[in-house]
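**Q** Got a structure for you, questions after.
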Amino acid sequence: MADANKGYDGSMPPGKKLKIVFVIGGPGSGKGTQCSKIVNQFGFTHLSAGDLLRQEAKSNTEQGTMIKNLMHEGKLVSSEIIVRLLLKAILASGNDKFLIDGFPRHEENRRAYEKIVNIDPEFVLLIDCSREEMERRILHRNQGRDDDNVDTIRRRFEVFQESTLPVIQHYEKMGKLRRVDGNRQPDMVFEDVKAIFAQMNTQGRNVTIAQTNPFKRWFLHLCCGCFDVQDGRN
Ligand SMILES: Nc1ncnc2c1ncn2[C@@H]1O[C@H](COP(=O)(O)OP(=O)(O)OP(=O)(O)O)[C@@H](O)[C@H]1O
Ligand SMILES: O=c1ccn([C@@H]2O[C@H](COP(=O)(O)O)[C@@H](O)[C@H]2O)c(=O)[nH]1
Ligand SMILES: [Mg+2]
């Protein structure tokens, strides 16, 4: 077994059903904050696309530097990179339910995810928040994020308006969008979020990794190098 296989610990039983919820919203809308609460109450694994990229950006590689620069400018990293990182994290986790925070960012992200992963989200949680409130929050966040500065924030808002809104419209048309008012205090927002998760239909359309087609299995193997998806084991 190659070194790259180390990430996956083999704890996911064969054929285990996976549940995916996308959590989207503008920069600073409170996605990470609500995801922590959902994790505590409902046992999901939280995968923040931005955190995965920040981690990758630390690596002293050409790709790491490229990601760092794009994030600094508030621009989007290629779908291939982010989908690969998400898959790797899903396969390594051993859990069967995931919050994917801050993804998909645009239609091309969504199509890449559908082509490669092809696990329909149970639903898409949209945290709706005014721009003034989001900006205020980001400027007070103090987490040392390189992109929490006035110039990059402006670019991130533009990307959200221009690129992410079409994704939101897509899921709205599909009846998958669950919208909450994120302008209130975190615990108040969570009251609505909690009700949405409590209603989640446990009989929803789930697929197993093993059900993905041979091309996808090959892609997963190639990209993640960590999984024989035929039976869900190393
Ligand atoms: N409902 C809320 N009311 C007030 N402050 C909040 C609320 N939710 C989150 N915050 C604060 O706002 C900041 C941004 O929140 P958070 O990091 O959860 O947003 P985010 O949507 O994940 O942002 P980003 O897209 O930049 O990653 C944090 O400092 C957080 O503590
Ligand atoms: O799917 C994604 C998610 C994120 N990015 C880049 O990361 C930053 C920060 O994302 P947060 O969700 O705010 O943590 C974002 O501005 C993009 O540069 C991405 O490219 N693709
Ligand atoms: Mg966040």
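Numbering starts fresh at 1 for the residues of each chain in the structure tokens, the chains themselves are lettered A, B, ... in the order given, and ligands are numbered from 1 as they appear.
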Enumerate residues in contact with ligand 3: an atom-to-atom distance of at most 10 Å, counting only C-alpha atoms and all ligand atoms. Format the result as number ranges by chain.

**A** A: 23-35, 48-51, 101-102, 138

**Q** Please write out the residues within 8 Å of ligand 2 as JSON, numbers by chain, counting only C-alpha atoms and all ligand atoms.

**A** {"A": [27, 28, 48, 49, 50, 51, 53, 54, 67, 70, 71, 72, 73, 74, 75, 76, 77, 78, 79, 82, 101, 102, 103, 104, 105, 109, 147, 156]}

**Q** Please provide the set of residues having any atom within 10 Å of Pro186 of chain A, restricted to only C-alpha atoms, with same-chain residues fewer than 2 positions apart removed, written as a PyMOL selection string.

**A** chain A and resi 30+33-34+37+182-184+188-191

**Q** Restricted to C-alpha atoms, what would the selected residues look like written as a compact mmCIF listing (two decimals), in the first residue's frame?

**A**
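And here's result_37.txt as it stands now:
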```txt
# COMPACT_ATOMS: atom_id res chain seq x y z
CA GLY A 30 -21.69 32.56 10.35
CA THR A 33 -20.15 29.15 13.85
CA GLN A 34 -23.35 27.28 12.98
CA LYS A 37 -23.18 23.82 16.80
CA GLY A 182 -28.32 34.80 9.91
CA ASN A 183 -28.57 38.41 11.09
CA ARG A 184 -29.58 37.39 14.61
CA MET A 188 -31.26 32.32 17.71
CA VAL A 189 -29.99 31.37 14.27
CA PHE A 190 -29.30 27.89 15.59
CA GLU A 191 -32.90 27.46 16.73
```

**Q** Tell me which protein, DNA and RNA residues are within 12 Å of Arg178 of chain A, counting only C-alpha atoms, leaving out same-chain ones fewer than 3 positions away, and put them as a PyMOL selection string.

**A** chain A and resi 21-25+121-128+168-169+171-175+181+192-197+199-200

**Q** Take the residues from that selection and write them out as an mmCIF file, in the first residue's frame, keeping N, CA, C and O atoms.

**A**
```
data_model
loop_
_atom_site.group_PDB
_atom_site.id
_atom_site.type_symbol
_atom_site.label_atom_id
_atom_site.label_comp_id
_atom_site.auth_asym_id
_atom_site.auth_seq_id
_atom_site.Cartn_x
_atom_site.Cartn_y
_atom_site.Cartn_z
ATOM 1 N N VAL A 21 -24.466 17.599 3.608
ATOM 2 C CA VAL A 21 -25.222 18.870 3.629
ATOM 3 C C VAL A 21 -24.240 19.979 3.269
ATOM 4 O O VAL A 21 -23.166 20.087 3.876
ATOM 5 N N PHE A 22 -24.589 20.765 2.268
ATOM 6 C CA PHE A 22 -23.778 21.939 1.955
ATOM 7 C C PHE A 22 -24.251 23.104 2.824
ATOM 8 O O PHE A 22 -25.459 23.312 2.977
ATOM 9 N N VAL A 23 -23.284 23.858 3.372
ATOM 10 C CA VAL A 23 -23.628 25.053 4.159
ATOM 11 C C VAL A 23 -23.007 26.243 3.437
ATOM 12 O O VAL A 23 -21.780 26.328 3.317
ATOM 13 N N ILE A 24 -23.870 27.096 2.910
ATOM 14 C CA ILE A 24 -23.330 28.235 2.166
ATOM 15 C C ILE A 24 -23.884 29.558 2.702
ATOM 16 O O ILE A 24 -24.858 29.579 3.470
ATOM 17 N N GLY A 25 -23.245 30.631 2.290
ATOM 18 C CA GLY A 25 -23.618 31.967 2.763
ATOM 19 C C GLY A 25 -22.450 32.886 2.465
ATOM 20 O O GLY A 25 -21.339 32.416 2.193
ATOM 21 N N PRO A 121 -26.589 16.339 -2.208
ATOM 22 C CA PRO A 121 -26.751 16.830 -0.830
ATOM 23 C C PRO A 121 -28.177 16.572 -0.350
ATOM 24 O O PRO A 121 -29.121 16.631 -1.144
ATOM 25 N N GLU A 122 -28.294 16.268 0.923
ATOM 26 C CA GLU A 122 -29.641 16.092 1.505
ATOM 27 C C GLU A 122 -30.423 17.382 1.324
ATOM 28 O O GLU A 122 -31.588 17.395 0.985
ATOM 29 N N PHE A 123 -29.714 18.485 1.636
ATOM 30 C CA PHE A 123 -30.244 19.821 1.395
ATOM 31 C C PHE A 123 -29.074 20.802 1.457
ATOM 32 O O PHE A 123 -27.936 20.406 1.769
ATOM 33 N N VAL A 124 -29.380 22.039 1.148
ATOM 34 C CA VAL A 124 -28.348 23.081 1.173
ATOM 35 C C VAL A 124 -28.815 24.148 2.163
ATOM 36 O O VAL A 124 -29.885 24.744 1.987
ATOM 37 N N LEU A 125 -28.030 24.342 3.198
ATOM 38 C CA LEU A 125 -28.375 25.350 4.195
ATOM 39 C C LEU A 125 -27.757 26.677 3.784
ATOM 40 O O LEU A 125 -26.530 26.786 3.643
ATOM 41 N N LEU A 126 -28.623 27.674 3.602
ATOM 42 C CA LEU A 126 -28.130 29.011 3.252
ATOM 43 C C LEU A 126 -28.286 29.925 4.457
ATOM 44 O O LEU A 126 -29.393 30.107 4.978
ATOM 45 N N ILE A 127 -27.174 30.497 4.898
ATOM 46 C CA ILE A 127 -27.229 31.474 5.986
ATOM 47 C C ILE A 127 -27.234 32.863 5.345
ATOM 48 O O ILE A 127 -26.231 33.297 4.775
ATOM 49 N N ASP A 128 -28.387 33.469 5.443
ATOM 50 C CA ASP A 128 -28.620 34.761 4.800
ATOM 51 C C ASP A 128 -28.220 35.878 5.762
ATOM 52 O O ASP A 128 -28.666 35.879 6.910
ATOM 53 N N ILE A 168 -27.093 29.014 -5.579
ATOM 54 C CA ILE A 168 -28.233 29.097 -4.654
ATOM 55 C C ILE A 168 -29.540 28.958 -5.446
ATOM 56 O O ILE A 168 -30.444 28.199 -5.057
ATOM 57 N N GLN A 169 -29.589 29.667 -6.570
ATOM 58 C CA GLN A 169 -30.804 29.595 -7.407
ATOM 59 C C GLN A 169 -31.026 28.175 -7.921
ATOM 60 O O GLN A 169 -32.155 27.683 -7.962
ATOM 61 N N TYR A 171 -30.217 25.312 -6.479
ATOM 62 C CA TYR A 171 -30.761 24.431 -5.430
ATOM 63 C C TYR A 171 -32.168 24.854 -5.010
ATOM 64 O O TYR A 171 -32.969 24.021 -4.582
ATOM 65 N N GLU A 172 -32.437 26.138 -5.155
ATOM 66 C CA GLU A 172 -33.797 26.602 -4.849
ATOM 67 C C GLU A 172 -34.790 25.957 -5.821
ATOM 68 O O GLU A 172 -35.820 25.434 -5.414
ATOM 69 N N LYS A 173 -34.413 25.965 -7.098
ATOM 70 C CA LYS A 173 -35.275 25.349 -8.128
ATOM 71 C C LYS A 173 -35.483 23.864 -7.861
ATOM 72 O O LYS A 173 -36.525 23.299 -8.150
ATOM 73 N N MET A 174 -34.457 23.212 -7.325
ATOM 74 C CA MET A 174 -34.535 21.774 -7.031
ATOM 75 C C MET A 174 -35.289 21.489 -5.739
ATOM 76 O O MET A 174 -35.445 20.332 -5.356
ATOM 77 N N GLY A 175 -35.692 22.550 -5.027
ATOM 78 C CA GLY A 175 -36.404 22.363 -3.749
ATOM 79 C C GLY A 175 -35.491 21.927 -2.615
ATOM 80 O O GLY A 175 -35.938 21.394 -1.597
ATOM 81 N N ASP A 181 -32.319 33.097 8.572
ATOM 82 C CA ASP A 181 -31.925 34.490 8.752
ATOM 83 C C ASP A 181 -30.725 34.526 9.699
ATOM 84 O O ASP A 181 -30.865 34.285 10.905
ATOM 85 N N ASP A 192 -33.373 27.876 14.381
ATOM 86 C CA ASP A 192 -33.926 27.546 13.050
ATOM 87 C C ASP A 192 -33.134 26.421 12.380
ATOM 88 O O ASP A 192 -33.699 25.537 11.742
ATOM 89 N N VAL A 193 -31.820 26.493 12.549
ATOM 90 C CA VAL A 193 -30.959 25.461 11.942
ATOM 91 C C VAL A 193 -31.305 24.094 12.540
ATOM 92 O O VAL A 193 -31.435 23.092 11.827
ATOM 93 N N LYS A 194 -31.475 24.100 13.855
ATOM 94 C CA LYS A 194 -31.784 22.851 14.576
ATOM 95 C C LYS A 194 -33.072 22.231 14.038
ATOM 96 O O LYS A 194 -33.151 21.032 13.804
ATOM 97 N N ALA A 195 -34.067 23.065 13.814
ATOM 98 C CA ALA A 195 -35.361 22.555 13.335
ATOM 99 C C ALA A 195 -35.194 21.911 11.956
ATOM 100 O O ALA A 195 -35.796 20.870 11.667
ATOM 101 N N ILE A 196 -34.341 22.496 11.138
ATOM 102 C CA ILE A 196 -34.116 21.953 9.783
ATOM 103 C C ILE A 196 -33.427 20.587 9.867
ATOM 104 O O ILE A 196 -33.828 19.632 9.207
ATOM 105 N N PHE A 197 -32.413 20.502 10.732
ATOM 106 C CA PHE A 197 -31.696 19.223 10.837
ATOM 107 C C PHE A 197 -32.553 18.154 11.508
ATOM 108 O O PHE A 197 -32.456 16.968 11.176
ATOM 109 N N GLN A 199 -35.591 17.763 11.145
ATOM 110 C CA GLN A 199 -36.566 17.282 10.145
ATOM 111 C C GLN A 199 -35.939 16.438 9.061
ATOM 112 O O GLN A 199 -36.625 15.954 8.184
ATOM 113 N N MET A 200 -34.629 16.343 9.100
ATOM 114 C CA MET A 200 -33.951 15.695 7.976
ATOM 115 C C MET A 200 -34.496 14.285 7.783
ATOM 116 O O MET A 200 -34.585 13.507 8.724
#
```

**Q** Could you pull out the residues in segment 20-233 of chain A that DSSP calls helix (DSSP H, G or I) from the backbone, as a PyMOL selection string?

**A** chain A and resi 31-42+49-57+62-72+79-93+107-116+131-139+150-173+186-198+209-211+214-224

**Q** What is the distance, in Å and to one decimal place, between atom CA of Ala89 of chain A and atom CA of Arg145 of chain A?

**A** 21.9 Å

**Q** Atom CA of Val83 of chain A and atom CA of Gln63 of chain A, how far apart in Å?

**A** 14.7 Å

**Q** For the strand (DSSP E or B) assignment from backbone DSSP, which residues of segment 53-154 of chain A qualify? Please present them as a list in words.

**A** Lys97, Phe98, Leu99, Ile100, Asp101, Phe123, Val124, Leu125, Leu126, Ile127 and Asp128 of chain A

**Q** Pull N, CA and C atoms from the residues just selected and write them as a PDB file, in the first residue's frame.

**A**
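Everything below was put into again34.pdb:
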```
ATOM      1  N   LYS A  97     -21.663  11.284   7.895  1.00  0.00           N
ATOM      2  CA  LYS A  97     -22.433  12.505   7.588  1.00  0.00           C
ATOM      3  C   LYS A  97     -21.542  13.743   7.698  1.00  0.00           C
ATOM      4  N   PHE A  98     -21.674  14.574   6.706  1.00  0.00           N
ATOM      5  CA  PHE A  98     -20.714  15.670   6.529  1.00  0.00           C
ATOM      6  C   PHE A  98     -21.405  16.991   6.248  1.00  0.00           C
ATOM      7  N   LEU A  99     -20.882  18.017   6.900  1.00  0.00           N
ATOM      8  CA  LEU A  99     -21.253  19.389   6.553  1.00  0.00           C
ATOM      9  C   LEU A  99     -20.138  19.919   5.683  1.00  0.00           C
ATOM     10  N   ILE A 100     -20.463  20.287   4.474  1.00  0.00           N
ATOM     11  CA  ILE A 100     -19.443  20.885   3.612  1.00  0.00           C
ATOM     12  C   ILE A 100     -19.697  22.386   3.591  1.00  0.00           C
ATOM     13  N   ASP A 101     -18.818  23.087   4.284  1.00  0.00           N
ATOM     14  CA  ASP A 101     -18.986  24.516   4.581  1.00  0.00           C
ATOM     15  C   ASP A 101     -18.229  25.338   3.536  1.00  0.00           C
ATOM     16  N   PHE A 123     -29.714  18.485   1.636  1.00  0.00           N
ATOM     17  CA  PHE A 123     -30.244  19.821   1.395  1.00  0.00           C
ATOM     18  C   PHE A 123     -29.074  20.802   1.457  1.00  0.00           C
ATOM     19  N   VAL A 124     -29.380  22.039   1.148  1.00  0.00           N
ATOM     20  CA  VAL A 124     -28.348  23.081   1.173  1.00  0.00           C
ATOM     21  C   VAL A 124     -28.815  24.148   2.163  1.00  0.00           C
ATOM     22  N   LEU A 125     -28.030  24.342   3.198  1.00  0.00           N
ATOM     23  CA  LEU A 125     -28.375  25.350   4.195  1.00  0.00           C
ATOM     24  C   LEU A 125     -27.757  26.677   3.784  1.00  0.00           C
ATOM     25  N   LEU A 126     -28.623  27.674   3.602  1.00  0.00           N
ATOM     26  CA  LEU A 126     -28.130  29.011   3.252  1.00  0.00           C
ATOM     27  C   LEU A 126     -28.286  29.925   4.457  1.00  0.00           C
ATOM     28  N   ILE A 127     -27.174  30.497   4.898  1.00  0.00           N
ATOM     29  CA  ILE A 127     -27.229  31.474   5.986  1.00  0.00           C
ATOM     30  C   ILE A 127     -27.234  32.863   5.345  1.00  0.00           C
ATOM     31  N   ASP A 128     -28.387  33.469   5.443  1.00  0.00           N
ATOM     32  CA  ASP A 128     -28.620  34.761   4.800  1.00  0.00           C
ATOM     33  C   ASP A 128     -28.220  35.878   5.762  1.00  0.00           C
TER      34      ASP A 128
END
```
